[in-house]
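Chemist: This is the structure I want to talk about, given as structure tokens.
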Amino acid sequence: MRCSALIAIALLGLCAAARSAHGHGMRSAYIEITQTAPDRARVAITGKVPVTGVALHAAAPCAVDERSESGGRGPAGSAGGEGARPLLIELHDVARYYQMGDERIAALDGVSFAIETGEMVAIVGSSGSGKSTLLNILGCLDTPSRGQYTLGGRDVQDLSDDERARVRNRQIGFVFQSFQLLHRATALKNVALPLVYRGVTARERNRQAAEALARVGLSHRLHHKPFQLSGGQRQRTAIARALVTQPSLLLGDEPTGNLDSATTEDIIALFHTLHAEGHTILIVTHEPAIAARCPRAIRIFDGRIVADGKGSEIAYEAPKVGAA
């Protein structure tokens with residue numbers, strides 16, 4: 001490769017490093033260029049960064065590599081390039097403290113990661129690890145004591161209660177372990193409920209709800225009430241309710257926790273289908289078997305992210321005490 005081309009790549013890398021240093025708390029970085037073929041070179045950024053690492057985008061024909069001393073992956077979850085997708089979620093140094101008498105409890109302590117639009121990610125951890133607190137912050141049900149949370153490019157931690165309610169209604173679809181369905185309402189009415197708060201007419205609500213139920217395979221159960229549905233059908237109804245508002249994020253809180261193994265397989269298969277359609281899905285779970293089925297998993301332990309990578313590898317990895 002000609003020297004001028006290498007210099008151009010280095011400049012691109014330096015610009016990316018500067019942007020990442022500003023946005024991700026990098027303390028130091030350097031650029032390494034290795035010529036791998038006459039017309040191809042590898043560019044690497046190495047630095048001290050949070051778990052999110054550094055994202056570098058360079059034009060072809062250059063092969064781009066990224067790595068960080070923390071061993072984490074980049075915010076986009078890839079090495080960058082033309083295939084990179086926009087970020088939907090960015091957390092930087094997020095903490096959540098609770099005061100218990102004279103003692104301050106850190107439920108979350110310096111959490112940093114990012115999730116691309118269209119990713120399917122598991123947040124896995126044992127009871128007391130901080131995953132429920134993290135879910136509440138991601139779902140705009142709670143606010144961090146410190147740090148920054150950006151959803152779809154918008155800072156949401158400082159929004160008012162009403163503004164956060166609008167974000168939940170328009171951008172986040174929730175799927176709960178216990179379904180949270182109205183027992184006296186039909187599947188159609190349960191799914192249509194979020195649209196009531198948007199002021200959608202009854203006829204249009206029913207049409208959209210019927211379409212959402214058809215997407216999860218329940219077009220033949222529109223007028224059945226929850227007690228007339230199996231556990232798997234109730235969870236499919238809950239997923240349809242989450243989908244009906246066309247949210248940017250599907251957030252599952254132990255979505256298979258009340259299901260048997262066969263029904264769990266059906267629901268996970270449905271999540272994979274939705275993921276293939278382009279939905280961003282985040283599943284909070286304590287079950288390694290569920291996390292292993294996700295392309296990416298983030299392990300939380302004692303309020304900190306201790307691992308971030310391929311789901312099948314992270315799911316069964318034992319947390320390291322004292323890891324940051």
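Residue numbering restarts at 1 for every chain of the structure tokens, chains are lettered A, B, ... in their displayed order, and ligands are numbered from 1 as they appear.
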Per residue of region 263-284 of chain A within 12 Å of region 169-192 of chain A, note the shortest atom pair and the distance in Å to one decimal, counting only C-alpha atoms, and order the rows by chain and increasing residue number, as JSON lines.
Modeler:
```
{"residue": "A:Thr264", "atom": "CA", "partner": "A:Gln177", "partner_atom": "CA", "distance": 11.5}
{"residue": "A:Ile267", "atom": "CA", "partner": "A:Val175", "partner_atom": "CA", "distance": 11.3}
{"residue": "A:Phe271", "atom": "CA", "partner": "A:Val175", "partner_atom": "CA", "distance": 11.1}
{"residue": "A:His279", "atom": "CA", "partner": "A:Gly173", "partner_atom": "CA", "distance": 10.8}
{"residue": "A:Thr280", "atom": "CA", "partner": "A:Ile172", "partner_atom": "CA", "distance": 10.1}
{"residue": "A:Ile281", "atom": "CA", "partner": "A:Gly173", "partner_atom": "CA", "distance": 9.5}
{"residue": "A:Leu282", "atom": "CA", "partner": "A:Phe174", "partner_atom": "CA", "distance": 10.0}
{"residue": "A:Ile283", "atom": "CA", "partner": "A:Val175", "partner_atom": "CA", "distance": 9.1}
{"residue": "A:Val284", "atom": "CA", "partner": "A:Phe176", "partner_atom": "CA", "distance": 10.1}
```
Chemist: Once you have the residues from the selection above, write them out as a compact mmCIF listing (two decimals), in the first residue's frame, restricted to C-alpha atoms.
Modeler:
```txt
# COMPACT_ATOMS: atom_id res chain seq x y z
CA THR A 264 -39.71 -21.78 26.73
CA ILE A 267 -40.96 -18.28 23.12
CA PHE A 271 -37.79 -13.87 19.93
CA HIS A 279 -36.18 -5.84 16.25
CA THR A 280 -33.80 -4.85 19.03
CA ILE A 281 -34.33 -7.30 21.89
CA LEU A 282 -32.88 -7.15 25.39
CA ILE A 283 -33.61 -10.08 27.72
CA VAL A 284 -32.81 -9.85 31.43
```
Chemist: Determine, counting only C-alpha atoms, which protein, DNA and RNA residues have an atom within 10 Å of an atom of Thr117 (chain A); residues of the same chain fewer than 6 positions away are not included. Present the result as a PyMOL selection string.
Modeler: chain A and resi 76+84-89+152+248-249+278-281
Chemist: Restricting it to C-alpha atoms, dump the selection as a PDB file, in the first residue's frame.
Modeler:
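Result went into result-v1.pdb, see below:
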```pdb
ATOM      1  CA  ALA A  76     -21.493  -1.237  17.915  1.00  0.00           C
ATOM      2  CA  ALA A  84     -22.037  -0.952  11.382  1.00  0.00           C
ATOM      3  CA  ARG A  85     -25.542  -0.075  12.584  1.00  0.00           C
ATOM      4  CA  PRO A  86     -26.603   2.940  14.653  1.00  0.00           C
ATOM      5  CA  LEU A  87     -26.514   2.651  18.423  1.00  0.00           C
ATOM      6  CA  LEU A  88     -29.853   2.417  20.193  1.00  0.00           C
ATOM      7  CA  ILE A  89     -28.627   2.239  23.802  1.00  0.00           C
ATOM      8  CA  GLY A 152     -32.073   6.442  20.426  1.00  0.00           C
ATOM      9  CA  SER A 248     -37.549   0.644  19.097  1.00  0.00           C
ATOM     10  CA  LEU A 249     -36.715  -1.724  21.991  1.00  0.00           C
ATOM     11  CA  GLY A 278     -34.859  -6.374  12.721  1.00  0.00           C
ATOM     12  CA  HIS A 279     -36.185  -5.842  16.249  1.00  0.00           C
ATOM     13  CA  THR A 280     -33.797  -4.853  19.031  1.00  0.00           C
ATOM     14  CA  ILE A 281     -34.330  -7.299  21.891  1.00  0.00           C
TER      15      ILE A 281
END
```
Chemist: Taking only C-alpha atoms into account, which of A:Asp308, A:Glu90, A:Glu204, A:Glu277 comes nearest Val124 (chain A)?
Modeler: A:Asp308
Chemist: To one decimal place in Å, what is the distance between CA of Gly128 (chain A) and CA of Gly303 (chain A)?
Modeler: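 Here the two named atoms are 8.4 Å from each other.
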Chemist: Check the DSSP output for the backbone and give back, as a ChimeraX atom specification, the residues of region 78-315 of chain A in helix (DSSP H, G or I).
Modeler: /A:131-138,161-171,187-196,202-215,219-221,226-228,231-243,261-276,288-291,311-314
Chemist: Go through A:Asn136, A:Thr285, A:Ser312, A:Asn258 one by one, measure the shortest atom-to-atom distance of each to Ala122 (chain A) using only C-alpha atoms, and give the residue with the smallest value.
Modeler: A:Thr285
Chemist: With a distance cut-off of 12 Å and only C-alpha atoms, select the neighbouring residues of Glu313 (chain A), excluding the residue or stretch itself and same-chain residues fewer than 3 positions from it, and output the selection as a PyMOL selection string.
Modeler: chain A and resi 288-289+291-299+307-310+316-318
Chemist: Skipping near chain neighbours, those fewer than 5 positions away, what residues fall within 10 Å of region 141-148 of chain A using only C-alpha atoms, listed as a ChimeraX atom specification?
Modeler: /A:90-98,106,108-112,133-136,155-159,161,164-165,168
Chemist: Next, the residues of the selection above should be written as a PDB file, in the first residue's frame with C-alpha atoms.
Modeler:
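Wrote part25.pdb, looks like this:
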```
ATOM      1  CA  GLU A  90     -25.556   3.835  25.361  1.00  0.00           C
ATOM      2  CA  LEU A  91     -24.750   3.703  29.071  1.00  0.00           C
ATOM      3  CA  HIS A  92     -21.671   5.476  30.373  1.00  0.00           C
ATOM      4  CA  ASP A  93     -20.536   5.147  34.007  1.00  0.00           C
ATOM      5  CA  VAL A  94     -24.101   4.567  35.243  1.00  0.00           C
ATOM      6  CA  ALA A  95     -24.535   4.053  38.980  1.00  0.00           C
ATOM      7  CA  ARG A  96     -27.596   3.635  41.206  1.00  0.00           C
ATOM      8  CA  TYR A  97     -27.283   4.154  44.943  1.00  0.00           C
ATOM      9  CA  TYR A  98     -29.778   3.507  47.727  1.00  0.00           C
ATOM     10  CA  ALA A 106     -24.486   0.558  45.260  1.00  0.00           C
ATOM     11  CA  LEU A 108     -25.108  -0.432  40.103  1.00  0.00           C
ATOM     12  CA  ASP A 109     -21.564   0.871  40.137  1.00  0.00           C
ATOM     13  CA  GLY A 110     -20.030   2.322  36.969  1.00  0.00           C
ATOM     14  CA  VAL A 111     -21.915   0.394  34.267  1.00  0.00           C
ATOM     15  CA  SER A 112     -20.889   1.185  30.673  1.00  0.00           C
ATOM     16  CA  THR A 133     -32.025  -2.242  38.829  1.00  0.00           C
ATOM     17  CA  LEU A 134     -30.413  -2.100  35.394  1.00  0.00           C
ATOM     18  CA  LEU A 135     -33.671  -3.212  33.763  1.00  0.00           C
ATOM     19  CA  ASN A 136     -35.572  -0.449  35.570  1.00  0.00           C
ATOM     20  CA  ASP A 155     -30.488  11.589  26.989  1.00  0.00           C
ATOM     21  CA  VAL A 156     -33.307  10.197  29.103  1.00  0.00           C
ATOM     22  CA  GLN A 157     -31.987  10.236  32.675  1.00  0.00           C
ATOM     23  CA  ASP A 158     -33.039  13.840  33.302  1.00  0.00           C
ATOM     24  CA  LEU A 159     -36.519  13.648  31.767  1.00  0.00           C
ATOM     25  CA  ASP A 161     -41.932  11.626  34.962  1.00  0.00           C
ATOM     26  CA  ARG A 164     -40.334   9.200  30.673  1.00  0.00           C
ATOM     27  CA  ALA A 165     -43.887   7.800  30.535  1.00  0.00           C
ATOM     28  CA  ARG A 168     -42.018   4.014  27.676  1.00  0.00           C
TER      29      ARG A 168
END
```
Chemist: Pick from A:Ala209, A:Ala214, A:Leu259, A:Gln246: nearest to Ser230 (chain A), with only C-alpha atoms counted?
Modeler: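 For Ser230 (chain A), the nearest of the candidates is A:Leu259.
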Chemist: Just want the 8 Å neighbourhood of Leu195 (chain A), counted on only C-alpha atoms, with same-chain residues fewer than 2 positions away dropped. Output as JSON, numbers by chain.
Modeler: {"A": [192, 193, 197, 198, 199, 200, 205, 244, 245]}
Chemist: Generate a file of the selected residues that holds N, CA and C atoms, formatted as a short mmCIF file (atom, residue, chain, number, x, y, z; two decimals), in the first residue's frame.
Modeler:
```cif
data_model
loop_
_atom_site.label_atom_id
_atom_site.label_comp_id
_atom_site.auth_asym_id
_atom_site.auth_seq_id
_atom_site.Cartn_x
_atom_site.Cartn_y
_atom_site.Cartn_z
N ALA A 192 -54.48 -4.20 22.66
CA ALA A 192 -54.85 -2.85 22.21
C ALA A 192 -54.64 -1.78 23.29
N LEU A 193 -54.50 -2.20 24.55
CA LEU A 193 -54.47 -1.25 25.66
C LEU A 193 -53.42 -0.13 25.52
N TYR A 197 -53.64 4.93 25.30
CA TYR A 197 -52.92 6.09 25.83
C TYR A 197 -52.34 6.97 24.73
N ARG A 198 -52.42 6.50 23.51
CA ARG A 198 -51.99 7.31 22.36
C ARG A 198 -53.17 8.02 21.69
N GLY A 199 -54.37 7.74 22.17
CA GLY A 199 -55.54 8.36 21.58
C GLY A 199 -55.97 7.75 20.27
N VAL A 200 -55.56 6.51 19.99
CA VAL A 200 -55.95 5.83 18.76
C VAL A 200 -57.42 5.41 18.86
N ARG A 205 -57.42 0.67 16.90
CA ARG A 205 -56.76 -0.11 17.96
C ARG A 205 -56.98 -1.60 17.73
N VAL A 244 -47.25 -3.95 19.57
CA VAL A 244 -48.31 -3.19 18.91
C VAL A 244 -47.98 -1.71 18.77
N THR A 245 -47.13 -1.19 19.64
CA THR A 245 -46.76 0.23 19.56
C THR A 245 -45.57 0.46 18.64
#
```
Chemist: For CA of Ala242 (chain A) and CA of Ile305 (chain A), determine how far apart the two atoms are, in Å to one decimal place.
Modeler: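 CA of Ile305 (chain A) lies at a distance of 27.1 Å from CA of Ala242 (chain A).
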Chemist: Rounded to one decimal in Å, what is the spacing between CA of Leu151 (chain A) and CA of Ile137 (chain A)?
Modeler: 10.9 Å
